[in-house]
Amino acid sequence: MTTESRARSFSSAAARYAANRPSYPPEVFDTLAELAGFPLAGARVADVGAGTGIATSLLEARGARVVGVEPGEGMAAEFRRRNPGTPLVRADGNRLPLSSGCLDLLTYAQSWHWTDPDRAVPEALRVLRPGGALAIWHNDPDVTVGWIAEQQSRIEARFGPGWYINERARPQDGLRFTDRHVSWSRRVPVDTHLAKLSTHSLFLVGEPGTDAFLADERALLMGRFPDGWVEEHYVVEVNVAVRGG
């Protein structure tokens with residue numbers, strides 16, 4: 001299973017992704033503005049790997065002027081359905097169809113790991129104005145919580161440790177990232193949690209045993225949480241690098 005095939009898999013489940021993936025708490029955007037050094041209101045932003053527009057809509061709610069960038073056909077269609085007034089271009093971070101120096105902020109929410117950093121970083125530097133910022137963040141399961149750690153262990157035991165792809169930002173070509181962590185949680189039905197799990201690329205590419213795993217997981221979770229609800233805990237790692245003059 002290649003990274004490319006996993007990246008292409010999301011379009012097949014765009015509506016399920018939009019309905020079940022977690023959002024981001026307000027503290028993420030407070031942190032983003034603090035680390036970038038300017039307010040989000042009025043900022044010119046491109047949200048790359050925008051998917052169904054979860055982060056895009058929250059950036060717009062802060063007053064940012066956002067264009068979505070999304071390569072997948074199914075995800076782009078869902079983005080347009082949910083964000084009809086927001087411009088969207090079909091592209092990825094390795095080759096941005098944007099003018100040099102046109103952006104205050106370039107964001108990647110749950111999507112940096114699908115880029116080639118050797119290509120995406122120079123593109124980020126090209127499209128950002130001096131003093132503009134590259135921001136990368138992602139929701140990670142909080143494995144300090146017992147039942148979440150146990151579930152992660154079951155997935156890794158069944159499918160291997162590489163099932164959950166999130167590449168950390170790192171210094172590259174003069175960019176130095178500052179990172180912060182934001183913890184948060186949401187309470188959802190077990191079936192919503194499992195539907196969210198099923199939108200990860202491992203479960204979308206037809207890996208043998210995924211349907212059986214989800215059925216087993218449902219039985220286990222319903223036994224542990226008989227009211228049918230779970231508290232999903234996340235840690236959002238926010239990485240921001242400011243472009244020099």
# chains A, B, ... in the order shown; residues from 1 in each chain; ligands from 1
$ residues_around --residues "range 130-133 of chain A" --least-positions-apart "3" --cutoff "9 Å" --atoms "only C-alpha atoms" --output "ChimeraX atom specification"
/A:35-38,101,103-107,124-125,240-245
$ select_by_dssp --residues "range 36-245 of chain A" --states "alpha helix (DSSP H)" --output "PyMOL selection string"
chain A and resi 36+54-61+73-82+117-127+146-159+190-197+201-204+210-224
$ residues_around --residues "range 51-63 of chain A" --least-positions-apart "3" --cutoff "6 Å" --atoms "only C-alpha atoms" --output "PyMOL selection string"
chain A and resi 18+41-42+75+78-79
$ atom_distance --atom1 "CA of His193 in chain A" --atom2 "CA of Val48 in chain A"
25.4 Å
$ closest_residue --among "A:Met222, A:Ile155, A:Val69, A:Val235" --to "Ser185 in chain A" --atoms "only C-alpha atoms"
A:Val235
$ atom_distance --atom1 "CA of Phe225 in chain A" --atom2 "CA of Ile148 in chain A"
12.8 Å
$ closest_residue --among "A:Val28, A:Leu88, A:Ala109, A:Cys102" --to "Gly49 in chain A" --atoms "only C-alpha atoms"
A:Ala109
$ atom_distance --atom1 "CA of Ala135 in chain A" --atom2 "CA of Gln110 in chain A"
11.0 Å
$ residues_around --residues "Pro71 in chain A" --least-positions-apart "6" --cutoff "6 Å" --atoms "only C-alpha atoms" --output "number ranges by chain"
A: 90-92
$ closest_residue --among "A:Ala19, A:Glu123, A:Ala43, A:Glu232" --to "Val188 in chain A" --atoms "only C-alpha atoms"
A:Glu232
$ residues_around --residues "Val145 in chain A" --least-positions-apart "5" --cutoff "10 Å" --atoms "only C-alpha atoms" --output "MDAnalysis selection string"
chainID A and resid 150 231:234
$ write_last_selection --atoms "N, CA and C atoms" --output "PDB file, in the first residue's frame"
ATOM      1  N   GLU A 150      -5.312   1.660  24.267  1.00  0.00           N
ATOM      2  CA  GLU A 150      -5.608   0.249  24.014  1.00  0.00           C
ATOM      3  C   GLU A 150      -6.100   0.037  22.586  1.00  0.00           C
ATOM      4  N   GLU A 231     -15.818   9.325  24.947  1.00  0.00           N
ATOM      5  CA  GLU A 231     -15.160  10.621  24.972  1.00  0.00           C
ATOM      6  C   GLU A 231     -13.846  10.487  24.217  1.00  0.00           C
ATOM      7  N   GLU A 232     -13.817  11.025  22.992  1.00  0.00           N
ATOM      8  CA  GLU A 232     -12.587  11.017  22.204  1.00  0.00           C
ATOM      9  C   GLU A 232     -11.681  12.147  22.693  1.00  0.00           C
ATOM     10  N   HIS A 233     -10.451  11.831  23.007  1.00  0.00           N
ATOM     11  CA  HIS A 233      -9.486  12.827  23.457  1.00  0.00           C
ATOM     12  C   HIS A 233      -8.422  13.007  22.380  1.00  0.00           C
ATOM     13  N   TYR A 234      -8.091  14.262  22.106  1.00  0.00           N
ATOM     14  CA  TYR A 234      -7.114  14.592  21.075  1.00  0.00           C
ATOM     15  C   TYR A 234      -6.056  15.545  21.612  1.00  0.00           C
TER      16      TYR A 234
END
$ select_by_dssp --residues "range 2-224 of chain A" --states "strand (DSSP E or B)" --output "NGL selection string"
:A and (44-48 or 65-69 or 88-89 or 92 or 95 or 103-109 or 128-141 or 172 or 175 or 178-189)
$ write_last_selection --atoms "C-alpha atoms" --output "PDB file, in the first residue's frame"
ATOM      1  CA  ARG A  44      -5.034  36.190   2.983  1.00  0.00           C
ATOM      2  CA  VAL A  45      -4.950  32.420   3.504  1.00  0.00           C
ATOM      3  CA  ALA A  46      -4.659  29.305   1.375  1.00  0.00           C
ATOM      4  CA  ASP A  47      -5.799  26.125   3.129  1.00  0.00           C
ATOM      5  CA  VAL A  48      -3.985  23.269   1.372  1.00  0.00           C
ATOM      6  CA  ARG A  65     -10.008  35.514   3.409  1.00  0.00           C
ATOM      7  CA  VAL A  66      -9.480  31.896   2.442  1.00  0.00           C
ATOM      8  CA  VAL A  67      -9.004  29.945  -0.757  1.00  0.00           C
ATOM      9  CA  GLY A  68      -9.181  26.173  -0.504  1.00  0.00           C
ATOM     10  CA  VAL A  69      -6.644  23.966  -2.297  1.00  0.00           C
ATOM     11  CA  LEU A  88     -11.422  26.419  -4.384  1.00  0.00           C
ATOM     12  CA  VAL A  89      -8.632  25.347  -6.712  1.00  0.00           C
ATOM     13  CA  ASP A  92      -1.726  20.095  -4.039  1.00  0.00           C
ATOM     14  CA  ARG A  95       2.774  22.855  -6.980  1.00  0.00           C
ATOM     15  CA  LEU A 103      -0.403  35.058   1.008  1.00  0.00           C
ATOM     16  CA  ASP A 104      -0.179  36.031   4.645  1.00  0.00           C
ATOM     17  CA  LEU A 105      -0.771  32.458   5.776  1.00  0.00           C
ATOM     18  CA  LEU A 106      -0.488  28.994   4.256  1.00  0.00           C
ATOM     19  CA  THR A 107      -2.195  26.250   6.255  1.00  0.00           C
ATOM     20  CA  TYR A 108      -2.117  22.460   6.257  1.00  0.00           C
ATOM     21  CA  ALA A 109      -4.657  20.814   8.568  1.00  0.00           C
ATOM     22  CA  LEU A 128       4.138  33.686   1.279  1.00  0.00           C
ATOM     23  CA  ARG A 129       4.914  37.357   1.685  1.00  0.00           C
ATOM     24  CA  PRO A 130       7.882  38.305   3.895  1.00  0.00           C
ATOM     25  CA  GLY A 131       6.614  37.869   7.431  1.00  0.00           C
ATOM     26  CA  GLY A 132       3.937  35.440   6.285  1.00  0.00           C
ATOM     27  CA  ALA A 133       3.554  32.104   8.030  1.00  0.00           C
ATOM     28  CA  LEU A 134       3.355  28.418   7.194  1.00  0.00           C
ATOM     29  CA  ALA A 135       1.110  26.589   9.674  1.00  0.00           C
ATOM     30  CA  ILE A 136       0.780  22.811  10.000  1.00  0.00           C
ATOM     31  CA  TRP A 137      -1.476  21.105  12.505  1.00  0.00           C
ATOM     32  CA  HIS A 138      -3.224  17.810  13.093  1.00  0.00           C
ATOM     33  CA  ASN A 139      -5.467  16.050  15.583  1.00  0.00           C
ATOM     34  CA  ASP A 140      -3.690  13.086  17.151  1.00  0.00           C
ATOM     35  CA  PRO A 141      -5.405  10.558  19.425  1.00  0.00           C
ATOM     36  CA  GLN A 172      14.111  22.867   6.461  1.00  0.00           C
ATOM     37  CA  LEU A 175      12.306  27.558   8.148  1.00  0.00           C
ATOM     38  CA  THR A 178       7.621  26.668  16.748  1.00  0.00           C
ATOM     39  CA  ASP A 179       5.209  24.099  18.098  1.00  0.00           C
ATOM     40  CA  ARG A 180       2.446  24.131  20.685  1.00  0.00           C
ATOM     41  CA  HIS A 181       0.059  21.429  21.850  1.00  0.00           C
ATOM     42  CA  VAL A 182      -3.648  21.898  22.471  1.00  0.00           C
ATOM     43  CA  SER A 183      -5.626  19.171  24.248  1.00  0.00           C
ATOM     44  CA  TRP A 184      -9.355  18.814  23.783  1.00  0.00           C
ATOM     45  CA  SER A 185     -12.110  16.204  23.603  1.00  0.00           C
ATOM     46  CA  ARG A 186     -15.528  15.511  22.142  1.00  0.00           C
ATOM     47  CA  ARG A 187     -18.254  13.127  23.305  1.00  0.00           C
ATOM     48  CA  VAL A 188     -19.778  11.113  20.458  1.00  0.00           C
ATOM     49  CA  PRO A 189     -21.754   7.902  19.911  1.00  0.00           C
TER      50      PRO A 189
END
$ closest_residue --among "A:Pro84, A:Pro22, A:Pro161, A:Gly74" --to "Leu202 in chain A" --atoms "only C-alpha atoms"
A:Pro161
$ residues_around --residues "Thr192 in chain A" --least-positions-apart "2" --cutoff "10 Å" --atoms "only C-alpha atoms" --output "PyMOL selection string"
chain A and resi 16+19-21+187-190+194-198+229-230
